[in-house]
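With mmCIF, C-alpha atoms inside, this is protein_28.cif:
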data_upload
loop_
_atom_site.label_atom_id
_atom_site.label_comp_id
_atom_site.auth_asym_id
_atom_site.auth_seq_id
_atom_site.Cartn_x
_atom_site.Cartn_y
_atom_site.Cartn_z
CA MET A 1 -107.57 -45.26 50.86
CA LYS A 2 -108.54 -46.87 54.15
CA LYS A 3 -112.32 -46.51 53.92
CA GLU A 4 -112.93 -48.18 57.28
CA LYS A 5 -110.79 -45.61 59.12
CA SER A 6 -112.50 -42.72 57.32
CA ILE A 7 -115.92 -44.14 58.16
CA GLU A 8 -114.88 -44.51 61.80
CA LEU A 9 -113.70 -40.89 62.02
CA LEU A 10 -116.78 -39.61 60.20
CA ASN A 11 -119.07 -41.51 62.58
CA GLN A 12 -117.20 -40.03 65.55
CA GLY A 13 -117.90 -36.65 63.99
CA VAL A 14 -121.59 -37.52 63.64
CA ALA A 15 -121.73 -38.47 67.34
CA ASP A 16 -120.03 -35.24 68.42
CA GLU A 17 -122.25 -33.10 66.19
CA LEU A 18 -125.44 -34.81 67.37
CA THR A 19 -124.38 -34.22 70.98
CA ALA A 20 -123.76 -30.55 70.17
CA VAL A 21 -127.21 -30.26 68.56
CA HIS A 22 -128.86 -31.64 71.69
CA GLN A 23 -126.80 -29.44 74.01
CA TYR A 24 -127.38 -26.24 72.04
CA MET A 25 -131.10 -26.87 71.76
CA TYR A 26 -131.21 -27.38 75.52
CA PHE A 27 -129.47 -24.01 75.90
CA HIS A 28 -131.84 -22.46 73.36
CA PHE A 29 -134.89 -23.66 75.32
CA HIS A 30 -133.59 -22.24 78.59
CA CYS A 31 -132.45 -18.91 77.14
CA ASP A 32 -135.83 -18.56 75.43
CA ASP A 33 -137.60 -19.39 78.69
CA GLN A 34 -135.56 -16.73 80.50
CA GLY A 35 -136.38 -14.11 77.86
CA TYR A 36 -132.88 -13.91 76.36
CA ASP A 37 -133.98 -13.85 72.73
CA LEU A 38 -130.60 -12.98 71.20
CA LEU A 39 -128.81 -15.80 72.97
CA ALA A 40 -131.69 -18.21 72.37
CA GLY A 41 -131.47 -17.39 68.68
CA LEU A 42 -127.70 -17.88 68.64
CA PHE A 43 -127.93 -21.33 70.23
CA LYS A 44 -130.75 -22.36 67.88
CA ARG A 45 -128.87 -21.13 64.79
CA VAL A 46 -125.68 -22.96 65.80
CA ALA A 47 -127.66 -26.15 66.53
CA ILE A 48 -129.09 -26.01 63.02
CA GLU A 49 -125.61 -25.49 61.57
CA GLU A 50 -124.43 -28.53 63.53
CA MET A 51 -127.30 -30.51 61.96
CA VAL A 52 -125.97 -29.53 58.55
CA HIS A 53 -122.58 -30.90 59.65
CA VAL A 54 -124.23 -34.21 60.54
CA GLU A 55 -125.73 -34.34 57.07
CA LYS A 56 -122.37 -33.69 55.35
CA LEU A 57 -120.66 -36.36 57.44
CA ALA A 58 -123.48 -38.86 56.87
CA GLU A 59 -123.43 -38.30 53.11
CA ARG A 60 -119.71 -39.06 53.03
CA ILE A 61 -120.13 -42.18 55.19
CA LEU A 62 -122.79 -43.51 52.83
CA PHE A 63 -120.67 -42.68 49.78
CA LEU A 64 -117.83 -44.72 51.29
CA GLY A 65 -120.21 -47.65 51.75
CA GLY A 66 -120.54 -47.35 55.51
CA ASP A 67 -123.52 -47.03 57.79
CA VAL A 68 -124.30 -43.89 59.76
CA GLU A 69 -124.23 -44.53 63.50
CA MET A 70 -126.74 -42.18 65.10
CA LYS A 71 -125.17 -42.26 68.55
CA LEU A 72 -124.35 -39.38 70.86
CA SER A 73 -120.81 -38.96 72.13
CA GLY A 74 -122.03 -37.64 75.47
CA SER A 75 -125.09 -36.54 77.38
CA VAL A 76 -126.74 -33.16 77.68
CA LYS A 77 -125.37 -31.18 80.61
CA LYS A 78 -128.10 -29.50 82.65
CA VAL A 79 -126.55 -26.02 82.60
CA GLN A 80 -128.98 -23.10 82.98
CA ASP A 81 -126.65 -20.23 83.88
CA VAL A 82 -125.98 -18.18 80.75
CA ARG A 83 -122.32 -17.55 81.55
CA GLU A 84 -121.76 -21.28 82.04
CA MET A 85 -123.66 -22.05 78.83
CA LEU A 86 -121.40 -19.74 76.83
CA LYS A 87 -118.26 -21.07 78.49
CA MET A 88 -119.28 -24.66 77.80
CA ALA A 89 -120.27 -23.88 74.20
CA ALA A 90 -116.93 -22.15 73.52
CA THR A 91 -115.06 -25.12 74.98
CA MET A 92 -117.09 -27.55 72.87
CA GLU A 93 -116.30 -25.60 69.71
CA GLU A 94 -112.61 -25.32 70.55
CA GLU A 95 -112.36 -29.06 71.20
CA ALA A 96 -114.25 -29.83 67.98
CA SER A 97 -111.84 -27.65 65.98
CA GLU A 98 -108.86 -29.48 67.45
CA LEU A 99 -110.37 -32.90 66.75
CA TYR A 100 -111.38 -32.04 63.19
CA ASN A 101 -107.89 -30.70 62.49
CA LYS A 102 -106.44 -33.96 63.77
CA TRP A 103 -108.91 -36.02 61.74
CA ALA A 104 -108.20 -33.99 58.60
CA ASN A 105 -104.54 -34.91 58.97
CA GLU A 106 -105.40 -38.57 59.58
CA SER A 107 -107.63 -38.57 56.50
CA SER A 108 -104.80 -37.15 54.44
CA GLN A 109 -102.47 -39.89 55.69
CA ASN A 110 -105.15 -42.43 54.66
CA ALA A 111 -105.21 -40.93 51.14
CA ASP A 112 -108.79 -39.69 51.59
CA ASN A 113 -108.62 -36.05 50.54
CA VAL A 114 -112.39 -35.63 50.24
CA THR A 115 -112.89 -36.56 53.90
CA LYS A 116 -109.91 -34.34 54.75
CA LYS A 117 -111.62 -31.42 53.00
CA ILE A 118 -114.88 -32.03 54.87
CA PHE A 119 -113.06 -31.96 58.21
CA GLU A 120 -111.19 -28.79 57.19
CA GLU A 121 -114.50 -27.11 56.34
CA LEU A 122 -115.88 -28.16 59.72
CA VAL A 123 -112.85 -26.64 61.46
CA ALA A 124 -113.65 -23.28 59.86
CA ASP A 125 -117.31 -23.51 60.91
CA GLU A 126 -116.46 -24.51 64.48
CA GLU A 127 -113.99 -21.63 64.77
CA THR A 128 -116.75 -19.26 63.65
CA HIS A 129 -119.09 -20.72 66.29
CA PHE A 130 -116.36 -20.30 68.91
CA ASP A 131 -115.99 -16.66 67.87
CA HIS A 132 -119.75 -16.05 68.30
CA PHE A 133 -119.77 -17.58 71.78
CA ASP A 134 -116.60 -15.68 72.70
CA ASP A 135 -118.17 -12.40 71.54
CA GLU A 136 -121.25 -13.03 73.68
CA THR A 137 -119.05 -13.85 76.67
CA GLU A 138 -117.23 -10.55 76.13
CA ASN A 139 -120.56 -8.71 76.01
CA LEU A 140 -121.58 -10.30 79.29
CA ASN A 141 -118.24 -9.43 80.88
CA ARG A 142 -118.36 -5.87 79.59
CA PHE A 143 -122.01 -5.07 80.33
CA GLY A 144 -122.77 -7.57 83.08
CA ASP A 145 -126.31 -8.58 83.86
CA ASN A 146 -127.53 -5.41 82.13
CA TYR A 147 -126.82 -7.18 78.85
CA LEU A 148 -129.26 -9.94 79.79
CA ALA A 149 -131.78 -7.50 81.24
CA LEU A 150 -131.87 -5.58 77.96
CA GLN A 151 -132.73 -8.77 76.08
CA SER A 152 -135.61 -9.46 78.48
CA ILE A 153 -136.85 -5.88 78.23
CA GLU A 154 -136.84 -6.07 74.42
CA ARG A 155 -138.98 -9.19 74.56
CA SER A 156 -141.40 -7.57 77.00
CA LYS A 157 -141.69 -4.51 74.77
CA SER A 158 -142.37 -6.57 71.68
CA GLN A 159 -144.95 -8.73 73.47
CA SER A 160 -146.77 -5.76 74.98
CA SER A 161 -147.06 -4.07 71.57
CA LYS A 162 -148.84 -7.06 70.02
CA PRO A 163 -152.56 -6.61 69.53
CA GLN A 164 -154.60 -8.36 72.19
CA PRO A 165 -157.22 -10.88 71.07
CA GLU A 166 -160.77 -9.71 71.58
#
How does the structure come out when it is put into structure tokens?
Amino acid sequence: MKKEKSIELLNQGVADELTAVHQYMYFHFHCDDQGYDLLAGLFKRVAIEEMVHVEKLAERILFLGGDVEMKLSGSVKKVQDVREMLKMAATMEEEASELYNKWANESSQNADNVTKKIFEELVADEETHFDHFDDETENLNRFGDNYLALQSIERSKSQSSKPQPE
């Protein structure tokens, strides 16, 4: 097994996942601020799942005797339009799936089947995330801005039904 190559690939995964966490939390903050609770919740949930990915990758790096590089692979894009957020998120997930598939194959060629399995598991998770973002894009396309308005109305209804402090 070529531990150094596995550690390198795993650290690239850590960087990509950390970047995704930052990006999705940025989207979460802005969706929450705009009153889009369902989308805010989706972005927050996916960000947390990406944090779990970082942990899996880091554990493997440490097992192989490497050091976890806590670097980002990119910067947070200042996107505040919901349609653009969903498009960007779907693209990020699609690209991650392709990379992890490639890295799973590389890990197999390096006789590191445990790392290969980790990357294969990440592919499945990223495809699920893609599907969630794709579904939300379909909802927006099908229902238009009404879909977003309904989320804001639901928040307003829930906030107005809370007891007021005396």
* Report as a ChimeraX atom specification the residues that result from applying the PyMOL selection byres ((chain A and resi 113-124) around 10) to the structure here. => /A:1,3,6-7,9-10,13,50,53,56-57,60-61,64,93-94,96-112,125-130
* Asked: Can you tell me, as a ChimeraX atom specification, which residues sit within 10 Å of (-129.3, -21.6, 82.0) in the file's frame, using all atoms listed in the file?
  -> /A:26-34,78-86
* Structure fact -> Using only C-alpha atoms, the shortest atom-to-atom distance to A:Val54 among A:His132, A:Lys71, A:Lys77, A:Lys5 belongs to A:Lys71
* Selected by the PyMOL selection byres ((chain A and resi 74) around 12) in the shown coordinates: which residues, as a PyMOL selection string? -> chain A and resi 12+14-23+71-73+75-77+92
Just-selected residues, C-alpha atoms written as an mmCIF file, in the frame of the given file:
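And here's selection.cif as it stands now:
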data_model
loop_
_atom_site.group_PDB
_atom_site.id
_atom_site.type_symbol
_atom_site.label_atom_id
_atom_site.label_comp_id
_atom_site.auth_asym_id
_atom_site.auth_seq_id
_atom_site.Cartn_x
_atom_site.Cartn_y
_atom_site.Cartn_z
ATOM 1 C CA GLN A 12 -117.200 -40.030 65.550
ATOM 2 C CA VAL A 14 -121.590 -37.520 63.640
ATOM 3 C CA ALA A 15 -121.730 -38.470 67.340
ATOM 4 C CA ASP A 16 -120.030 -35.240 68.420
ATOM 5 C CA GLU A 17 -122.250 -33.100 66.190
ATOM 6 C CA LEU A 18 -125.440 -34.810 67.370
ATOM 7 C CA THR A 19 -124.380 -34.220 70.980
ATOM 8 C CA ALA A 20 -123.760 -30.550 70.170
ATOM 9 C CA VAL A 21 -127.210 -30.260 68.560
ATOM 10 C CA HIS A 22 -128.860 -31.640 71.690
ATOM 11 C CA GLN A 23 -126.800 -29.440 74.010
ATOM 12 C CA LYS A 71 -125.170 -42.260 68.550
ATOM 13 C CA LEU A 72 -124.350 -39.380 70.860
ATOM 14 C CA SER A 73 -120.810 -38.960 72.130
ATOM 15 C CA SER A 75 -125.090 -36.540 77.380
ATOM 16 C CA VAL A 76 -126.740 -33.160 77.680
ATOM 17 C CA LYS A 77 -125.370 -31.180 80.610
ATOM 18 C CA MET A 92 -117.090 -27.550 72.870
#
* Asked: Using only C-alpha atoms, which of the listed residues (A:Asn141, A:Gln151, A:Asn146, A:Asn11) sits closest to A:Ala58?
  ->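 Among the listed residues, the smallest separation from A:Ala58 belongs to A:Asn11.
One finds atom CA of A:Ala90 at 22.3 Å from atom CA of A:Glu55.
Going from atom CA of A:Lys87 over to atom CA of A:Glu136, you cover 9.8 Å.
Atom to atom, atom CA of A:Phe43 and atom CA of A:Tyr24 stand 5.3 Å apart.
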* To do: Go through A:Leu148, A:Met88, A:Leu62, A:Met70 one by one, measure the shortest atom-to-atom distance of each to A:Ala40 using only C-alpha atoms, and give the residue with the smallest value.
  =>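 Of all the options, A:Leu148 lies closest to A:Ala40.
For the set A:Ala89, A:Ile48, A:Leu38, A:Val68, the residue with the smallest atom-to-atom gap to A:Ala149 is A:Leu38, counting all atoms listed in the file.
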